[in-house]
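> Once you've had a glance at the structure underneath, I'll fire off some questions.
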Amino acid sequence: MIERSLTHIAASLAAGEISSQELTRAYLDRIARLNPELKAFITVDAEGAMAQAASADATRAAGQAGPLTGVPIAHKDLFCTEGLLTTCGSKMLENFVSPYDATVVSRLKAAGTVILGKTNCDEFAMGSTNESSYFGATRNPWDVSRVPGGSSGGSAAAVAARLAPAVTGTDTGGSIRQPASLCGVTGLKPTYGAVSRWGMIAYASSLDQGGPFAQSAEDCALMLNAFAGFDEKDSTSAQRETEDYLRELRRAPADPARPLAGVRLGVPKEYFGEGLAEDVRSAIEAAIVELEKLGAVRVEVSLPKTELAIPAYYVIAPAEASSNLSRFDGVRYGHRAAQYRDLMEMYCKSRAEGFGREVQRRIMVGTYVLSHGYYDAYYIKALQLRRLIADDFQAALSQCDVLLGPAAPTVAWKLGAMADDPVQMYLADIYTVSVNLAGLPALSVPCGFGEGGMPVGLQMIGNYFDEARMLAIAHRFQQATDWHTRSPSL
């Protein structure tokens, strides 16, 4: 049963083929066996999960079940979860137990899901490898000597290893799509504002967005239906009518042999230049050919400012991080140094001890670009460039329905390979950060394997609030291929 997708598991629960308690116990047993090596979870709540599963079974017996009632899931350890540790992968919040639920968590609880625990992540979501976590690096289930990607590496690894059928993640510059690609699962970053950020501990407030990991596009749509939508507690939440993200993918095509007839696939030439590994290029090209067989038409487009996205992102994101993380000062909550002489020393020692190297690096960069004399030269220029990048996307999307390309320039690399070269790690986000700067929706779907038998992900980028159509295109691709059903031997 644990090899089955979220959609199939939900159907099996509805049909009475298995109980939530039986299913939850199966996942907990698998987590107990595999997590010591993979480190996909920081916290496992076995007792709480079984209690929730029993409640879900009772709800179903009473005829009050919804589509996700009794389905075990997990949350990235960046979402506040009442009564459970919410650490952000940091020593700073090592012992923090949240007194409330993030909106994403509360909505999934209301949908009847069972929370298995909290997944590992780069410290405060800062990283592309999941190696900056205070609790140890997560390992890629396809090859435990390699990284799973980041920052949501624990979430991606948990789905790939079948430790949970679906897990939440967050995406600030590719932190859902890049690990989804490296771990061979489907990961969706919705339009900025489509999912509430309330209770999701901030890295960069104008870039962060929560989204789901699962086996398939259909699974991600099912999850998104449960937790997307307007939230009055989040000032950045978009006030729109409630959507059914399953509507397009469950609509019967006019021509079953060519379900994507008339769909225009924009292929940016900048995504296939220098820096893209040949094994990744081959898998992406093969995926585009498969989509063309389904009736889609390839359209060559351009995103001329792609190479400027990394410098713009690594000015804006650290600047916002520097501001957001100023609240962790050892006074109200979080780590406090054991010994200090005065208030200033307490601030300094608490932050120096509580934050890891990568977080400290980004705080310093952010403080620098916001300082007097550099604000106009760096931060304002980056914001101007952000607008131009968004304009490039609109020009390209006026010629097509979705944009296609790689989610990451290579397959997963070895643990420690970029430990001494943070710039090289930042460049691993070259195909993803521009989407966050523009606030667009995007997802990564498995499309093949490259060097070392490691997964490759195809990135699809849609227009604002066009998730339903993007998910439908991904669904047609997954109906014609089986890449998303493959899992590592564990």
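Every chain in the structure tokens takes a letter, A first, then B, and so on in the order presented; its residues are numbered from 1, and the ligands are numbered from 1 following the presented order.
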Mind listing the helix (DSSP H, G or I) residues of range 255-439 of chain A, per DSSP on the backbone, as an mmCIF file with C-alpha atoms, in the first residue's frame?

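Output file selection-v4.cif is given in full below:
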data_model
loop_
_atom_site.group_PDB
_atom_site.id
_atom_site.type_symbol
_atom_site.label_atom_id
_atom_site.label_comp_id
_atom_site.auth_asym_id
_atom_site.auth_seq_id
_atom_site.Cartn_x
_atom_site.Cartn_y
_atom_site.Cartn_z
ATOM 1 C CA LYS A 269 16.631 29.079 -25.201
ATOM 2 C CA GLU A 270 18.482 30.386 -22.141
ATOM 3 C CA TYR A 271 17.580 27.207 -20.214
ATOM 4 C CA PHE A 272 19.563 24.998 -22.584
ATOM 5 C CA GLU A 278 24.203 16.645 -20.902
ATOM 6 C CA ASP A 279 22.355 13.855 -19.091
ATOM 7 C CA VAL A 280 19.794 16.362 -17.811
ATOM 8 C CA ARG A 281 19.458 17.970 -21.249
ATOM 9 C CA SER A 282 18.767 14.578 -22.844
ATOM 10 C CA ALA A 283 16.043 13.707 -20.317
ATOM 11 C CA ILE A 284 14.353 17.112 -20.717
ATOM 12 C CA GLU A 285 14.429 16.925 -24.512
ATOM 13 C CA ALA A 286 12.956 13.413 -24.420
ATOM 14 C CA ALA A 287 10.156 14.678 -22.154
ATOM 15 C CA ILE A 288 9.349 17.505 -24.568
ATOM 16 C CA VAL A 289 9.197 15.000 -27.441
ATOM 17 C CA GLU A 290 6.781 12.885 -25.379
ATOM 18 C CA LEU A 291 4.570 15.921 -24.810
ATOM 19 C CA GLU A 292 4.627 16.631 -28.547
ATOM 20 C CA LYS A 293 3.419 13.077 -29.190
ATOM 21 C CA THR A 306 17.845 34.604 -16.802
ATOM 22 C CA GLU A 307 21.534 34.973 -15.941
ATOM 23 C CA LEU A 308 20.750 38.040 -13.821
ATOM 24 C CA ALA A 309 18.217 36.230 -11.659
ATOM 25 C CA ILE A 310 20.829 34.742 -9.305
ATOM 26 C CA PRO A 311 22.481 38.085 -8.383
ATOM 27 C CA ALA A 312 19.072 39.771 -7.996
ATOM 28 C CA TYR A 313 17.781 36.942 -5.811
ATOM 29 C CA TYR A 314 20.889 36.841 -3.616
ATOM 30 C CA VAL A 315 20.461 40.531 -2.847
ATOM 31 C CA ILE A 316 16.697 40.507 -2.174
ATOM 32 C CA ALA A 317 16.435 37.221 -0.259
ATOM 33 C CA PRO A 318 19.294 37.872 2.226
ATOM 34 C CA ALA A 319 18.040 41.424 2.751
ATOM 35 C CA GLU A 320 14.625 40.134 3.789
ATOM 36 C CA ALA A 321 16.211 37.331 5.824
ATOM 37 C CA SER A 322 18.340 39.851 7.710
ATOM 38 C CA SER A 323 15.171 41.683 8.715
ATOM 39 C CA ASN A 324 13.066 38.585 9.467
ATOM 40 C CA LEU A 325 15.687 36.876 11.602
ATOM 41 C CA SER A 326 16.322 39.926 13.762
ATOM 42 C CA ARG A 327 13.501 38.682 16.041
ATOM 43 C CA LEU A 343 22.296 42.711 27.164
ATOM 44 C CA MET A 344 24.421 43.377 24.087
ATOM 45 C CA GLU A 345 26.648 40.402 24.791
ATOM 46 C CA MET A 346 23.562 38.227 25.281
ATOM 47 C CA TYR A 347 22.290 39.286 21.839
ATOM 48 C CA CYS A 348 25.621 38.639 20.165
ATOM 49 C CA LYS A 349 26.414 35.327 21.840
ATOM 50 C CA SER A 350 22.878 33.965 21.486
ATOM 51 C CA ARG A 351 22.778 34.674 17.753
ATOM 52 C CA ALA A 352 26.330 33.465 17.167
ATOM 53 C CA GLU A 353 25.573 30.180 18.943
ATOM 54 C CA GLY A 354 22.048 29.739 17.606
ATOM 55 C CA ARG A 357 27.300 29.238 9.155
ATOM 56 C CA GLU A 358 25.015 29.579 6.105
ATOM 57 C CA VAL A 359 22.395 31.586 7.995
ATOM 58 C CA GLN A 360 25.064 33.889 9.404
ATOM 59 C CA ARG A 361 26.464 34.374 5.893
ATOM 60 C CA ARG A 362 23.096 35.436 4.510
ATOM 61 C CA ILE A 363 22.328 37.712 7.446
ATOM 62 C CA MET A 364 25.640 39.480 6.866
ATOM 63 C CA VAL A 365 25.017 39.856 3.131
ATOM 64 C CA GLY A 366 21.502 41.129 3.765
ATOM 65 C CA THR A 367 22.613 43.621 6.409
ATOM 66 C CA TYR A 368 25.317 44.884 4.039
ATOM 67 C CA VAL A 369 23.007 45.516 1.068
ATOM 68 C CA LEU A 370 20.495 47.313 3.309
ATOM 69 C CA TYR A 375 20.781 50.304 -0.264
ATOM 70 C CA ASP A 376 20.354 52.264 -3.517
ATOM 71 C CA ALA A 377 23.311 50.623 -5.238
ATOM 72 C CA TYR A 378 22.251 47.030 -4.529
ATOM 73 C CA TYR A 379 18.783 46.539 -3.054
ATOM 74 C CA ILE A 380 16.895 49.083 -5.175
ATOM 75 C CA LYS A 381 18.670 47.904 -8.324
ATOM 76 C CA ALA A 382 17.750 44.302 -7.522
ATOM 77 C CA LEU A 383 14.081 45.284 -7.113
ATOM 78 C CA GLN A 384 14.172 47.047 -10.488
ATOM 79 C CA LEU A 385 15.703 43.979 -12.075
ATOM 80 C CA ARG A 386 13.014 41.851 -10.440
ATOM 81 C CA ARG A 387 10.362 43.836 -12.300
ATOM 82 C CA LEU A 388 12.196 43.338 -15.615
ATOM 83 C CA ILE A 389 12.444 39.580 -14.995
ATOM 84 C CA ALA A 390 8.693 39.432 -14.360
ATOM 85 C CA ASP A 391 8.120 41.348 -17.609
ATOM 86 C CA ASP A 392 10.271 38.819 -19.490
ATOM 87 C CA PHE A 393 8.056 36.003 -18.218
ATOM 88 C CA GLN A 394 4.893 37.806 -19.309
ATOM 89 C CA ALA A 395 6.309 38.360 -22.772
ATOM 90 C CA ALA A 396 7.226 34.668 -23.055
ATOM 91 C CA LEU A 397 3.908 33.420 -21.645
ATOM 92 C CA PRO A 422 28.624 28.477 -1.525
ATOM 93 C CA VAL A 423 28.498 30.373 -4.834
ATOM 94 C CA GLN A 424 28.491 27.085 -6.731
ATOM 95 C CA MET A 425 25.606 25.940 -4.530
ATOM 96 C CA TYR A 426 23.711 29.160 -5.269
ATOM 97 C CA LEU A 427 24.143 28.576 -9.021
ATOM 98 C CA VAL A 433 14.889 31.591 -8.530
ATOM 99 C CA SER A 434 13.500 33.749 -11.339
ATOM 100 C CA VAL A 435 10.071 32.117 -10.876
ATOM 101 C CA ASN A 436 9.965 33.292 -7.261
ATOM 102 C CA LEU A 437 11.111 36.776 -8.221
ATOM 103 C CA ALA A 438 8.151 36.922 -10.617
#
> Using only C-alpha atoms, determine which residues lie at most 10 Å from His475 in chain A, disregarding the query and same-chain residues fewer than 2 positions distant; provide the list as a list of chain:residue names.
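So, after excluding close chain neighbours, the residues are A:Ser216, A:Ala217, A:Glu218, A:Asp219, A:Ala221, A:Glu248, A:Leu249, A:Arg250, A:Val445, A:Arg469, A:Met470, A:Leu471, A:Ala472, A:Ile473, A:Phe477, A:Gln478, A:Gln479, A:Ala480, A:Thr481.
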> Using only C-alpha atoms, which residues sit within 6 Å of range 117-129 of chain A once same-chain residues fewer than 4 positions away are excluded, as a list in words?
Ala40, Phe41, Ile42, Thr43, Val44, Asp45, Ala74, His75, Lys76, Asp77, Cys88, Gly89, Ser90, Ser133, Val147, Gly149, Gly150, Ser151, Ser152, Gly153, Gly154 and Ser155 of chain A
> Selected residues, C-alpha atoms, written as a PDB file, in the first residue's frame, please.

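And here's again11.pdb as it stands now:
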ATOM      1  CA  ALA A  40      14.235  12.831   6.446  1.00  0.00           C
ATOM      2  CA  PHE A  41      12.341  13.524   9.693  1.00  0.00           C
ATOM      3  CA  ILE A  42      13.394  15.701  12.616  1.00  0.00           C
ATOM      4  CA  THR A  43      10.339  14.824  14.708  1.00  0.00           C
ATOM      5  CA  VAL A  44       8.144  11.714  14.516  1.00  0.00           C
ATOM      6  CA  ASP A  45       4.881  11.810  16.488  1.00  0.00           C
ATOM      7  CA  ALA A  74       4.011  15.202   7.176  1.00  0.00           C
ATOM      8  CA  HIS A  75       4.989  18.874   7.334  1.00  0.00           C
ATOM      9  CA  LYS A  76       8.253  20.606   6.628  1.00  0.00           C
ATOM     10  CA  ASP A  77       9.652  21.762   9.958  1.00  0.00           C
ATOM     11  CA  CYS A  88      13.385  25.296  11.234  1.00  0.00           C
ATOM     12  CA  GLY A  89      16.362  22.922  11.257  1.00  0.00           C
ATOM     13  CA  SER A  90      18.181  25.295  13.616  1.00  0.00           C
ATOM     14  CA  SER A 133      20.353  21.534   9.078  1.00  0.00           C
ATOM     15  CA  VAL A 147      22.236  15.285  -1.333  1.00  0.00           C
ATOM     16  CA  GLY A 149      18.416  19.045  -2.616  1.00  0.00           C
ATOM     17  CA  GLY A 150      17.071  21.826  -0.474  1.00  0.00           C
ATOM     18  CA  SER A 151      15.812  23.480   1.425  1.00  0.00           C
ATOM     19  CA  SER A 152      12.860  21.069   1.503  1.00  0.00           C
ATOM     20  CA  GLY A 153      15.129  18.052   1.113  1.00  0.00           C
ATOM     21  CA  GLY A 154      13.566  16.148   4.008  1.00  0.00           C
ATOM     22  CA  SER A 155      10.094  16.482   2.468  1.00  0.00           C
TER      23      SER A 155
END
> So which residues touch Thr236 in chain A within 8 Å, counting only C-alpha atoms, skipping near sequence neighbours fewer than 6 positions away, as a list of chain:residue names?
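Contacts, in chain order: A:Gly193, A:Ser196, A:Arg197.
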> Keeping N, CA and C atoms, export the residues of the selection given above as a compact mmCIF listing (two decimals), in the first residue's frame.

# COMPACT_ATOMS: atom_id res chain seq x y z
N GLY A 193 0.87 34.09 -3.00
CA GLY A 193 -0.41 34.55 -2.49
C GLY A 193 -1.52 33.53 -2.57
N SER A 196 -1.61 30.48 2.07
CA SER A 196 -1.32 31.33 3.22
C SER A 196 0.07 31.08 3.78
N ARG A 197 0.76 32.17 4.12
CA ARG A 197 2.07 32.07 4.77
C ARG A 197 1.95 32.25 6.28
> May I have all residues of range 1-235 of chain A that DSSP, computed from the backbone, assigns to strand (DSSP E or B), given as a PDB file with N, CA and C atoms, in the first residue's frame?

ATOM      1  N   PHE A  41      13.177  12.943   8.641  1.00  0.00           N
ATOM      2  CA  PHE A  41      12.341  13.524   9.693  1.00  0.00           C
ATOM      3  C   PHE A  41      13.209  14.054  10.828  1.00  0.00           C
ATOM      4  N   ILE A  42      12.810  15.204  11.368  1.00  0.00           N
ATOM      5  CA  ILE A  42      13.394  15.701  12.616  1.00  0.00           C
ATOM      6  C   ILE A  42      12.571  15.191  13.796  1.00  0.00           C
ATOM      7  N   THR A  43      11.251  15.253  13.646  1.00  0.00           N
ATOM      8  CA  THR A  43      10.339  14.824  14.708  1.00  0.00           C
ATOM      9  C   THR A  43       9.346  13.811  14.163  1.00  0.00           C
ATOM     10  N   VAL A  44       9.169  12.703  14.865  1.00  0.00           N
ATOM     11  CA  VAL A  44       8.144  11.714  14.516  1.00  0.00           C
ATOM     12  C   VAL A  44       7.182  11.629  15.692  1.00  0.00           C
ATOM     13  N   PRO A  72      -2.148   9.696   5.962  1.00  0.00           N
ATOM     14  CA  PRO A  72      -0.963  10.166   6.693  1.00  0.00           C
ATOM     15  C   PRO A  72      -0.122  11.112   5.824  1.00  0.00           C
ATOM     16  N   ILE A  73       0.272  12.237   6.392  1.00  0.00           N
ATOM     17  CA  ILE A  73       1.149  13.179   5.712  1.00  0.00           C
ATOM     18  C   ILE A  73       2.188  13.668   6.721  1.00  0.00           C
ATOM     19  N   ALA A  74       3.054  14.567   6.274  1.00  0.00           N
ATOM     20  CA  ALA A  74       4.011  15.202   7.176  1.00  0.00           C
ATOM     21  C   ALA A  74       4.171  16.654   6.750  1.00  0.00           C
ATOM     22  N   HIS A  75       4.782  17.457   7.623  1.00  0.00           N
ATOM     23  CA  HIS A  75       4.989  18.874   7.334  1.00  0.00           C
ATOM     24  C   HIS A  75       6.468  19.224   7.423  1.00  0.00           C
ATOM     25  N   LYS A  76       6.905  20.059   6.513  1.00  0.00           N
ATOM     26  CA  LYS A  76       8.253  20.606   6.628  1.00  0.00           C
ATOM     27  C   LYS A  76       8.364  21.331   7.964  1.00  0.00           C
ATOM     28  N   PHE A  79       6.702  24.901   9.269  1.00  0.00           N
ATOM     29  CA  PHE A  79       5.304  25.220   9.554  1.00  0.00           C
ATOM     30  C   PHE A  79       5.033  25.032  11.043  1.00  0.00           C
ATOM     31  N   LEU A  85       7.438  20.125  18.127  1.00  0.00           N
ATOM     32  CA  LEU A  85       8.615  20.945  17.869  1.00  0.00           C
ATOM     33  C   LEU A  85       8.521  21.575  16.477  1.00  0.00           C
ATOM     34  N   VAL A  97       8.367  24.628  20.928  1.00  0.00           N
ATOM     35  CA  VAL A  97       7.113  23.925  20.670  1.00  0.00           C
ATOM     36  C   VAL A  97       6.065  24.981  20.346  1.00  0.00           C
ATOM     37  N   VAL A 114      -3.621  12.827   8.855  1.00  0.00           N
ATOM     38  CA  VAL A 114      -2.893  12.350  10.034  1.00  0.00           C
ATOM     39  C   VAL A 114      -1.453  12.840   9.925  1.00  0.00           C
ATOM     40  N   ILE A 115      -0.949  13.521  10.954  1.00  0.00           N
ATOM     41  CA  ILE A 115       0.408  14.084  10.905  1.00  0.00           C
ATOM     42  C   ILE A 115       1.404  13.080  11.479  1.00  0.00           C
ATOM     43  N   LEU A 116       2.261  12.570  10.610  1.00  0.00           N
ATOM     44  CA  LEU A 116       3.296  11.623  11.034  1.00  0.00           C
ATOM     45  C   LEU A 116       4.422  12.321  11.787  1.00  0.00           C
ATOM     46  N   GLY A 117       4.729  13.564  11.392  1.00  0.00           N
ATOM     47  CA  GLY A 117       5.816  14.286  12.030  1.00  0.00           C
ATOM     48  C   GLY A 117       6.258  15.468  11.204  1.00  0.00           C
ATOM     49  N   LYS A 118       7.468  15.960  11.479  1.00  0.00           N
ATOM     50  CA  LYS A 118       8.014  17.147  10.834  1.00  0.00           C
ATOM     51  C   LYS A 118       9.302  16.773  10.114  1.00  0.00           C
ATOM     52  N   THR A 119       9.432  17.236   8.873  1.00  0.00           N
ATOM     53  CA  THR A 119      10.565  16.824   8.046  1.00  0.00           C
ATOM     54  C   THR A 119      11.741  17.790   8.122  1.00  0.00           C
ATOM     55  N   ASN A 140      19.826  11.419   0.098  1.00  0.00           N
ATOM     56  CA  ASN A 140      18.966  11.100  -1.038  1.00  0.00           C
ATOM     57  C   ASN A 140      18.652   9.603  -1.045  1.00  0.00           C
ATOM     58  N   ASP A 143      20.507   7.367  -3.564  1.00  0.00           N
ATOM     59  CA  ASP A 143      21.927   7.135  -3.311  1.00  0.00           C
ATOM     60  C   ASP A 143      22.273   7.919  -2.055  1.00  0.00           C
ATOM     61  N   ARG A 146      24.550  10.983  -1.641  1.00  0.00           N
ATOM     62  CA  ARG A 146      24.251  12.228  -2.350  1.00  0.00           C
ATOM     63  C   ARG A 146      23.222  13.071  -1.590  1.00  0.00           C
ATOM     64  N   ALA A 166       2.473  12.150   0.921  1.00  0.00           N
ATOM     65  CA  ALA A 166       2.527  13.568   0.577  1.00  0.00           C
ATOM     66  C   ALA A 166       3.076  14.344   1.767  1.00  0.00           C
ATOM     67  N   VAL A 167       3.817  15.410   1.471  1.00  0.00           N
ATOM     68  CA  VAL A 167       4.445  16.218   2.514  1.00  0.00           C
ATOM     69  C   VAL A 167       4.420  17.676   2.054  1.00  0.00           C
ATOM     70  N   THR A 168       4.241  18.585   2.986  1.00  0.00           N
ATOM     71  CA  THR A 168       4.309  20.002   2.643  1.00  0.00           C
ATOM     72  C   THR A 168       5.764  20.460   2.562  1.00  0.00           C
ATOM     73  N   GLY A 169       5.969  21.524   1.795  1.00  0.00           N
ATOM     74  CA  GLY A 169       7.286  22.128   1.675  1.00  0.00           C
ATOM     75  C   GLY A 169       7.140  23.621   1.494  1.00  0.00           C
ATOM     76  N   THR A 170       8.253  24.321   1.426  1.00  0.00           N
ATOM     77  CA  THR A 170       8.227  25.751   1.110  1.00  0.00           C
ATOM     78  C   THR A 170       9.242  26.020   0.015  1.00  0.00           C
ATOM     79  N   ASP A 171       8.973  27.048  -0.775  1.00  0.00           N
ATOM     80  CA  ASP A 171       9.803  27.368  -1.936  1.00  0.00           C
ATOM     81  C   ASP A 171      10.069  28.866  -1.949  1.00  0.00           C
ATOM     82  N   THR A 186       7.125  14.599  -7.512  1.00  0.00           N
ATOM     83  CA  THR A 186       6.460  15.786  -8.041  1.00  0.00           C
ATOM     84  C   THR A 186       6.351  16.830  -6.945  1.00  0.00           C
ATOM     85  N   GLY A 187       6.735  18.075  -7.262  1.00  0.00           N
ATOM     86  CA  GLY A 187       6.675  19.152  -6.285  1.00  0.00           C
ATOM     87  C   GLY A 187       6.132  20.417  -6.922  1.00  0.00           C
ATOM     88  N   LEU A 188       5.200  21.076  -6.249  1.00  0.00           N
ATOM     89  CA  LEU A 188       4.521  22.255  -6.794  1.00  0.00           C
ATOM     90  C   LEU A 188       4.752  23.495  -5.940  1.00  0.00           C
ATOM     91  N   LYS A 189       5.208  24.559  -6.599  1.00  0.00           N
ATOM     92  CA  LYS A 189       5.249  25.890  -5.982  1.00  0.00           C
ATOM     93  C   LYS A 189       4.106  26.703  -6.574  1.00  0.00           C
ATOM     94  N   MET A 200       3.943  30.097   8.781  1.00  0.00           N
ATOM     95  CA  MET A 200       5.096  29.529   8.059  1.00  0.00           C
ATOM     96  C   MET A 200       6.267  30.460   8.351  1.00  0.00           C
ATOM     97  N   GLN A 209       6.757  30.659  -0.472  1.00  0.00           N
ATOM     98  CA  GLN A 209       5.435  30.126  -0.767  1.00  0.00           C
ATOM     99  C   GLN A 209       5.393  28.652  -0.429  1.00  0.00           C
ATOM    100  N   GLY A 210       4.335  28.240   0.273  1.00  0.00           N
ATOM    101  CA  GLY A 210       4.177  26.833   0.628  1.00  0.00           C
ATOM    102  C   GLY A 210       3.549  26.049  -0.504  1.00  0.00           C
ATOM    103  N   GLY A 211       3.853  24.750  -0.540  1.00  0.00           N
ATOM    104  CA  GLY A 211       3.290  23.887  -1.575  1.00  0.00           C
ATOM    105  C   GLY A 211       3.478  22.420  -1.224  1.00  0.00           C
ATOM    106  N   PRO A 212       2.932  21.516  -2.042  1.00  0.00           N
ATOM    107  CA  PRO A 212       2.987  20.086  -1.746  1.00  0.00           C
ATOM    108  C   PRO A 212       4.053  19.306  -2.517  1.00  0.00           C
ATOM    109  N   PHE A 213       4.503  18.216  -1.905  1.00  0.00           N
ATOM    110  CA  PHE A 213       5.270  17.153  -2.568  1.00  0.00           C
ATOM    111  C   PHE A 213       4.400  15.908  -2.580  1.00  0.00           C
ATOM    112  N   ALA A 214       4.428  15.165  -3.672  1.00  0.00           N
ATOM    113  CA  ALA A 214       3.709  13.898  -3.745  1.00  0.00           C
ATOM    114  C   ALA A 214       4.250  13.123  -4.941  1.00  0.00           C
TER     115      ALA A 214
END
> Might you pull out every residue within 8 Å of Ala228 in chain A, with only C-alpha atoms counted and same-chain residues fewer than 2 positions away left off, and present them as a PyMOL selection string?
chain A and resi 104+194-196+224-226+230
> Selected residues, C-alpha atoms, written as a PDB file, in the first residue's frame, please.

ATOM      1  CA  VAL A 104      -1.658  25.215   6.027  1.00  0.00           C
ATOM      2  CA  ALA A 194      -2.321  31.391  -3.428  1.00  0.00           C
ATOM      3  CA  VAL A 195      -1.336  29.649  -0.173  1.00  0.00           C
ATOM      4  CA  SER A 196      -1.325  31.328   3.223  1.00  0.00           C
ATOM      5  CA  LEU A 224      -3.674  22.004  -2.884  1.00  0.00           C
ATOM      6  CA  ASN A 225      -7.463  21.787  -2.813  1.00  0.00           C
ATOM      7  CA  ALA A 226      -7.240  21.223   0.930  1.00  0.00           C
ATOM      8  CA  PHE A 230      -7.551  33.267   0.960  1.00  0.00           C
TER       9      PHE A 230
END
